[in-house]
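Let me begin by presenting the structure, written as structure tokens, before commenting on it.
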Amino acid sequence: MDNPDVDIYEYLGSAAEFVNKLEQAREKRQKLSDEVTALEKHRNSVKKAMTDEINISVKKRRDELAAGFKGRIQEANRELKGLQEKKEAARNAGRKERIMRETAGLRKVTASLEKEQKAALADAQVSGIYAKNWFYHIFLPQKPLDYVWVLLSMALIVFVIPFLIMHFMYDLSDVVQMIVFLIAGLLFMGEYMIVHMTVCIPKKDILEEINARAMSIKENRKEIKNIQSAIMTDENEEYYHLDDFNYDIAKAEAYRDEVTRKRDEALENFDNVTAGIISDEIKMGYDEELEKTEENLSERKEVLLKAEKYVKSLNAKALQEYAPRLGEENLTSDRIEGIMKVAEDKHPSSLAEAVNMYNGHVF
């Protein structure tokens with residue numbers, strides 16, 4: 001070059017002007033990108049507000065519709081429950097009356113036997129204990145099972161009870177414990193023999209009569225319980241004249257089912273028709289805002305696309321015309337200004353020397 005200084009300054013001036021244009025184009029592109037982002041956020045927020053309003057409004061209206069039917073259904077259920085309770089009370093009263101009627105004969109016979117039993121015990125001058133089943137199992141055995149009772153009773157009297165007494169007298173010597181064991185066994189055995197000799201043998205006939213009567217009373221009571229249990233578990237209602245209750249309950253159930261059916265139809269119609277109408281009405285209130293936002297967004301996107309193309313073309317030119325001599329990293333206004341200051345202060349012989357000086361390679 002004939003005049004290197006002029007070449008350096010002209011080239012750096014041209015580069016500075018171009019880079020400034022590139023930076024302005026980038027700033028404009030960023031501003032447009034920020035505007036597009038803001039418009040997209042605004043559009044999304046409007047859509048969300050619309051969706052939230054639709055959901056809230058539809059849910060509120062649907063809940064209000066369901067609540068109107070809910071009150072009627074609850075009232076129908078309360079009425080139905082009251083009728084069922086009255087029916088159950090009437091059935092229980094009928095069962096009690098039926099039990100009394102079907103067990104009247106057994107209760108009368110049992111009462112008579114109990115009266116005879118008291119008189120027999122008084123005549124025999126014995127306690128009511130002698131009318132208990134366990135007494136006859138032990139003291140007047142007749143069946144094989146009764147003798148098992150006798151053996152168990154003997155074991156209890158002769159071994160178990162004395163052993164328990166000795167257990168609580170463990171601090172005594174073995175001899176004393178053995179004596180206590182024998183005395184206790186003899187006492188309990190002796191008591192058994194006394195009862196057997198003084199009561200069971202002399203009054204055997206009357207005791208057997210008392211026992212037979214006691215067995216009859218027990219069987220009668222068992223039969224009464226069986227009849228009572230059978231009546232209480234019998235689901236047949238023909239004995240209790242519950243037709244009026246059944247009619248009223250059927251009417252109440254039909255009314256409740258009809259209200260439930262209407263509720264289901266109303267909710268289905270709401271979901272299929274009314275909800276769409278509410279949604280459309282709410283959308284109409286947002287259409288203008290969304291349409292305006294979409295138009296602005298489309299316009300800004302188109303401008304942004306042109307700006308991006310423009311920046312790309314400038315970047316390509318910068319890489320082709322200025323990057324080879326200045327270096328891509330120095331294609332900024334601040335760095336080019338720095339290189340120009342180095343050229344003015346150091347008076348390098350070439351542009352490459354000025355760039356190297358600025359980068360710190362040559363001073």
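In the structure tokens, each chain is lettered A, B, ... as it comes, each chain's residues begin at 1, and ligands are numbered from 1 in order of appearance.
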
### Message
With only C-alpha atoms as the counted atoms, please give the residues lying no more than 9 Å from region 311-320 of chain A, apart from itself and same-chain residues fewer than 6 positions off, as a PyMOL selection string.
### Response
chain A and resi 15+18-19+21-23+25-26+29+327-328+331

Residues within 12 Å of region 75-84 of chain A, only C-alpha atoms, excluding chain neighbours under 4 positions, as a PDB file with N, CA and C atoms, in the first residue's frame:
ATOM      1  N   GLY A  68     -79.419 -28.201  44.108  1.00  0.00           N
ATOM      2  CA  GLY A  68     -80.879 -28.139  44.137  1.00  0.00           C
ATOM      3  C   GLY A  68     -81.503 -29.520  44.214  1.00  0.00           C
ATOM      4  N   PHE A  69     -80.956 -30.453  43.465  1.00  0.00           N
ATOM      5  CA  PHE A  69     -81.456 -31.827  43.506  1.00  0.00           C
ATOM      6  C   PHE A  69     -81.008 -32.542  44.782  1.00  0.00           C
ATOM      7  N   LYS A  70     -79.822 -32.214  45.278  1.00  0.00           N
ATOM      8  CA  LYS A  70     -79.297 -32.879  46.467  1.00  0.00           C
ATOM      9  C   LYS A  70     -80.236 -32.693  47.659  1.00  0.00           C
ATOM     10  N   GLY A  71     -80.736 -31.464  47.835  1.00  0.00           N
ATOM     11  CA  GLY A  71     -81.658 -31.208  48.938  1.00  0.00           C
ATOM     12  C   GLY A  71     -82.915 -32.049  48.830  1.00  0.00           C
ATOM     13  N   GLU A  88     -89.863 -51.220  60.680  1.00  0.00           N
ATOM     14  CA  GLU A  88     -89.065 -52.122  61.511  1.00  0.00           C
ATOM     15  C   GLU A  88     -89.622 -52.182  62.931  1.00  0.00           C
ATOM     16  N   ALA A  89     -90.052 -51.018  63.450  1.00  0.00           N
ATOM     17  CA  ALA A  89     -90.641 -51.006  64.791  1.00  0.00           C
ATOM     18  C   ALA A  89     -91.918 -51.841  64.816  1.00  0.00           C
ATOM     19  N   ALA A  90     -92.729 -51.692  63.775  1.00  0.00           N
ATOM     20  CA  ALA A  90     -93.965 -52.477  63.703  1.00  0.00           C
ATOM     21  C   ALA A  90     -93.648 -53.969  63.573  1.00  0.00           C
ATOM     22  N   ARG A  91     -92.630 -54.308  62.783  1.00  0.00           N
ATOM     23  CA  ARG A  91     -92.253 -55.711  62.632  1.00  0.00           C
ATOM     24  C   ARG A  91     -91.742 -56.281  63.952  1.00  0.00           C
ATOM     25  N   LEU A 242     -97.818 -55.601  57.259  1.00  0.00           N
ATOM     26  CA  LEU A 242     -96.976 -54.439  56.948  1.00  0.00           C
ATOM     27  C   LEU A 242     -97.246 -53.887  55.551  1.00  0.00           C
ATOM     28  N   ASP A 244     -99.308 -51.624  54.405  1.00  0.00           N
ATOM     29  CA  ASP A 244     -99.382 -50.154  54.316  1.00  0.00           C
ATOM     30  C   ASP A 244     -97.987 -49.541  54.338  1.00  0.00           C
ATOM     31  N   PHE A 245     -97.134 -50.064  55.200  1.00  0.00           N
ATOM     32  CA  PHE A 245     -95.750 -49.571  55.261  1.00  0.00           C
ATOM     33  C   PHE A 245     -95.021 -49.847  53.944  1.00  0.00           C
ATOM     34  N   ASN A 246     -95.220 -51.051  53.409  1.00  0.00           N
ATOM     35  CA  ASN A 246     -94.560 -51.404  52.148  1.00  0.00           C
ATOM     36  C   ASN A 246     -95.011 -50.487  51.013  1.00  0.00           C
ATOM     37  N   TYR A 247     -96.304 -50.146  51.008  1.00  0.00           N
ATOM     38  CA  TYR A 247     -96.825 -49.249  49.973  1.00  0.00           C
ATOM     39  C   TYR A 247     -96.204 -47.855  50.084  1.00  0.00           C
ATOM     40  N   ASP A 248     -96.175 -47.332  51.320  1.00  0.00           N
ATOM     41  CA  ASP A 248     -95.586 -45.998  51.531  1.00  0.00           C
ATOM     42  C   ASP A 248     -94.089 -45.986  51.206  1.00  0.00           C
ATOM     43  N   ILE A 249     -93.387 -47.054  51.568  1.00  0.00           N
ATOM     44  CA  ILE A 249     -91.953 -47.143  51.276  1.00  0.00           C
ATOM     45  C   ILE A 249     -91.716 -47.210  49.778  1.00  0.00           C
ATOM     46  N   ALA A 250     -92.526 -47.975  49.075  1.00  0.00           N
ATOM     47  CA  ALA A 250     -92.393 -48.077  47.619  1.00  0.00           C
ATOM     48  C   ALA A 250     -92.614 -46.717  46.959  1.00  0.00           C
ATOM     49  N   LYS A 251     -93.632 -45.954  47.454  1.00  0.00           N
ATOM     50  CA  LYS A 251     -93.878 -44.618  46.916  1.00  0.00           C
ATOM     51  C   LYS A 251     -92.684 -43.708  47.166  1.00  0.00           C
ATOM     52  N   ALA A 252     -92.135 -43.773  48.390  1.00  0.00           N
ATOM     53  CA  ALA A 252     -90.981 -42.929  48.739  1.00  0.00           C
ATOM     54  C   ALA A 252     -89.758 -43.292  47.894  1.00  0.00           C
ATOM     55  N   GLU A 253     -89.560 -44.578  47.693  1.00  0.00           N
ATOM     56  CA  GLU A 253     -88.424 -45.009  46.865  1.00  0.00           C
ATOM     57  C   GLU A 253     -88.603 -44.561  45.417  1.00  0.00           C
ATOM     58  N   ALA A 254     -89.839 -44.670  44.921  1.00  0.00           N
ATOM     59  CA  ALA A 254     -90.104 -44.257  43.541  1.00  0.00           C
ATOM     60  C   ALA A 254     -89.863 -42.758  43.369  1.00  0.00           C
ATOM     61  N   TYR A 255     -90.297 -41.973  44.363  1.00  0.00           N
ATOM     62  CA  TYR A 255     -90.088 -40.517  44.303  1.00  0.00           C
ATOM     63  C   TYR A 255     -88.597 -40.189  44.326  1.00  0.00           C
ATOM     64  N   ARG A 256     -87.871 -40.833  45.234  1.00  0.00           N
ATOM     65  CA  ARG A 256     -86.421 -40.592  45.302  1.00  0.00           C
ATOM     66  C   ARG A 256     -85.732 -40.974  44.004  1.00  0.00           C
ATOM     67  N   ASP A 257     -86.104 -42.132  43.450  1.00  0.00           N
ATOM     68  CA  ASP A 257     -85.491 -42.586  42.203  1.00  0.00           C
ATOM     69  C   ASP A 257     -85.826 -41.648  41.046  1.00  0.00           C
ATOM     70  N   GLU A 258     -87.044 -41.099  41.058  1.00  0.00           N
ATOM     71  CA  GLU A 258     -87.437 -40.174  40.000  1.00  0.00           C
ATOM     72  C   GLU A 258     -86.631 -38.884  40.080  1.00  0.00           C
ATOM     73  N   VAL A 259     -86.464 -38.360  41.316  1.00  0.00           N
ATOM     74  CA  VAL A 259     -85.651 -37.147  41.488  1.00  0.00           C
ATOM     75  C   VAL A 259     -84.206 -37.417  41.075  1.00  0.00           C
ATOM     76  N   THR A 260     -83.701 -38.596  41.435  1.00  0.00           N
ATOM     77  CA  THR A 260     -82.325 -38.955  41.062  1.00  0.00           C
ATOM     78  C   THR A 260     -82.183 -39.044  39.547  1.00  0.00           C
TER      79      THR A 260
END

### Query
Which is closest to Lys283 (chain A) among A:Tyr9, A:Ser14, A:Gln24, A:Ala49, if we use only C-alpha atoms?
A:Ala49

Report as JSON lines the residues of region 35-139 of chain A within 9 Å of region 292-300 of chain A, each with its shortest atom pair and distance in Å (one decimal), using only C-alpha atoms, ordered by chain and increasing residue number.
{"residue": "A:Glu35", "atom": "CA", "partner": "A:Arg300", "partner_atom": "CA", "distance": 7.3}
{"residue": "A:Val36", "atom": "CA", "partner": "A:Leu297", "partner_atom": "CA", "distance": 6.1}
{"residue": "A:Thr37", "atom": "CA", "partner": "A:Leu297", "partner_atom": "CA", "distance": 8.9}
{"residue": "A:Leu39", "atom": "CA", "partner": "A:Leu297", "partner_atom": "CA", "distance": 5.9}
{"residue": "A:Glu40", "atom": "CA", "partner": "A:Leu297", "partner_atom": "CA", "distance": 7.1}
{"residue": "A:His42", "atom": "CA", "partner": "A:Thr293", "partner_atom": "CA", "distance": 7.8}
{"residue": "A:Arg43", "atom": "CA", "partner": "A:Thr293", "partner_atom": "CA", "distance": 6.3}

### Task
Excluding region 101-110 of chain A and any residue of its chain fewer than 3 positions from it, enumerate the residues within 9 Å of it, using only C-alpha atoms, and give them as a list in words.
Lys96, Glu97, Arg98, Leu113, Glu114, Lys115, Ser216, Ile217, Lys218, Asn220, Arg221, Glu223, Ile224, Ile227 and Gln228 of chain A

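Distances to Asp234 (chain A) were evaluated for A:Ile99, A:Ala111, A:Met50, A:Val58 using only C-alpha atoms, and the minimum falls at A:Ile99.
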
### Task
Could you check which of A:Arg72, A:Arg261, A:Lys41, A:Lys118 is closest to Ala214 (chain A), using only C-alpha atoms?
A:Lys118
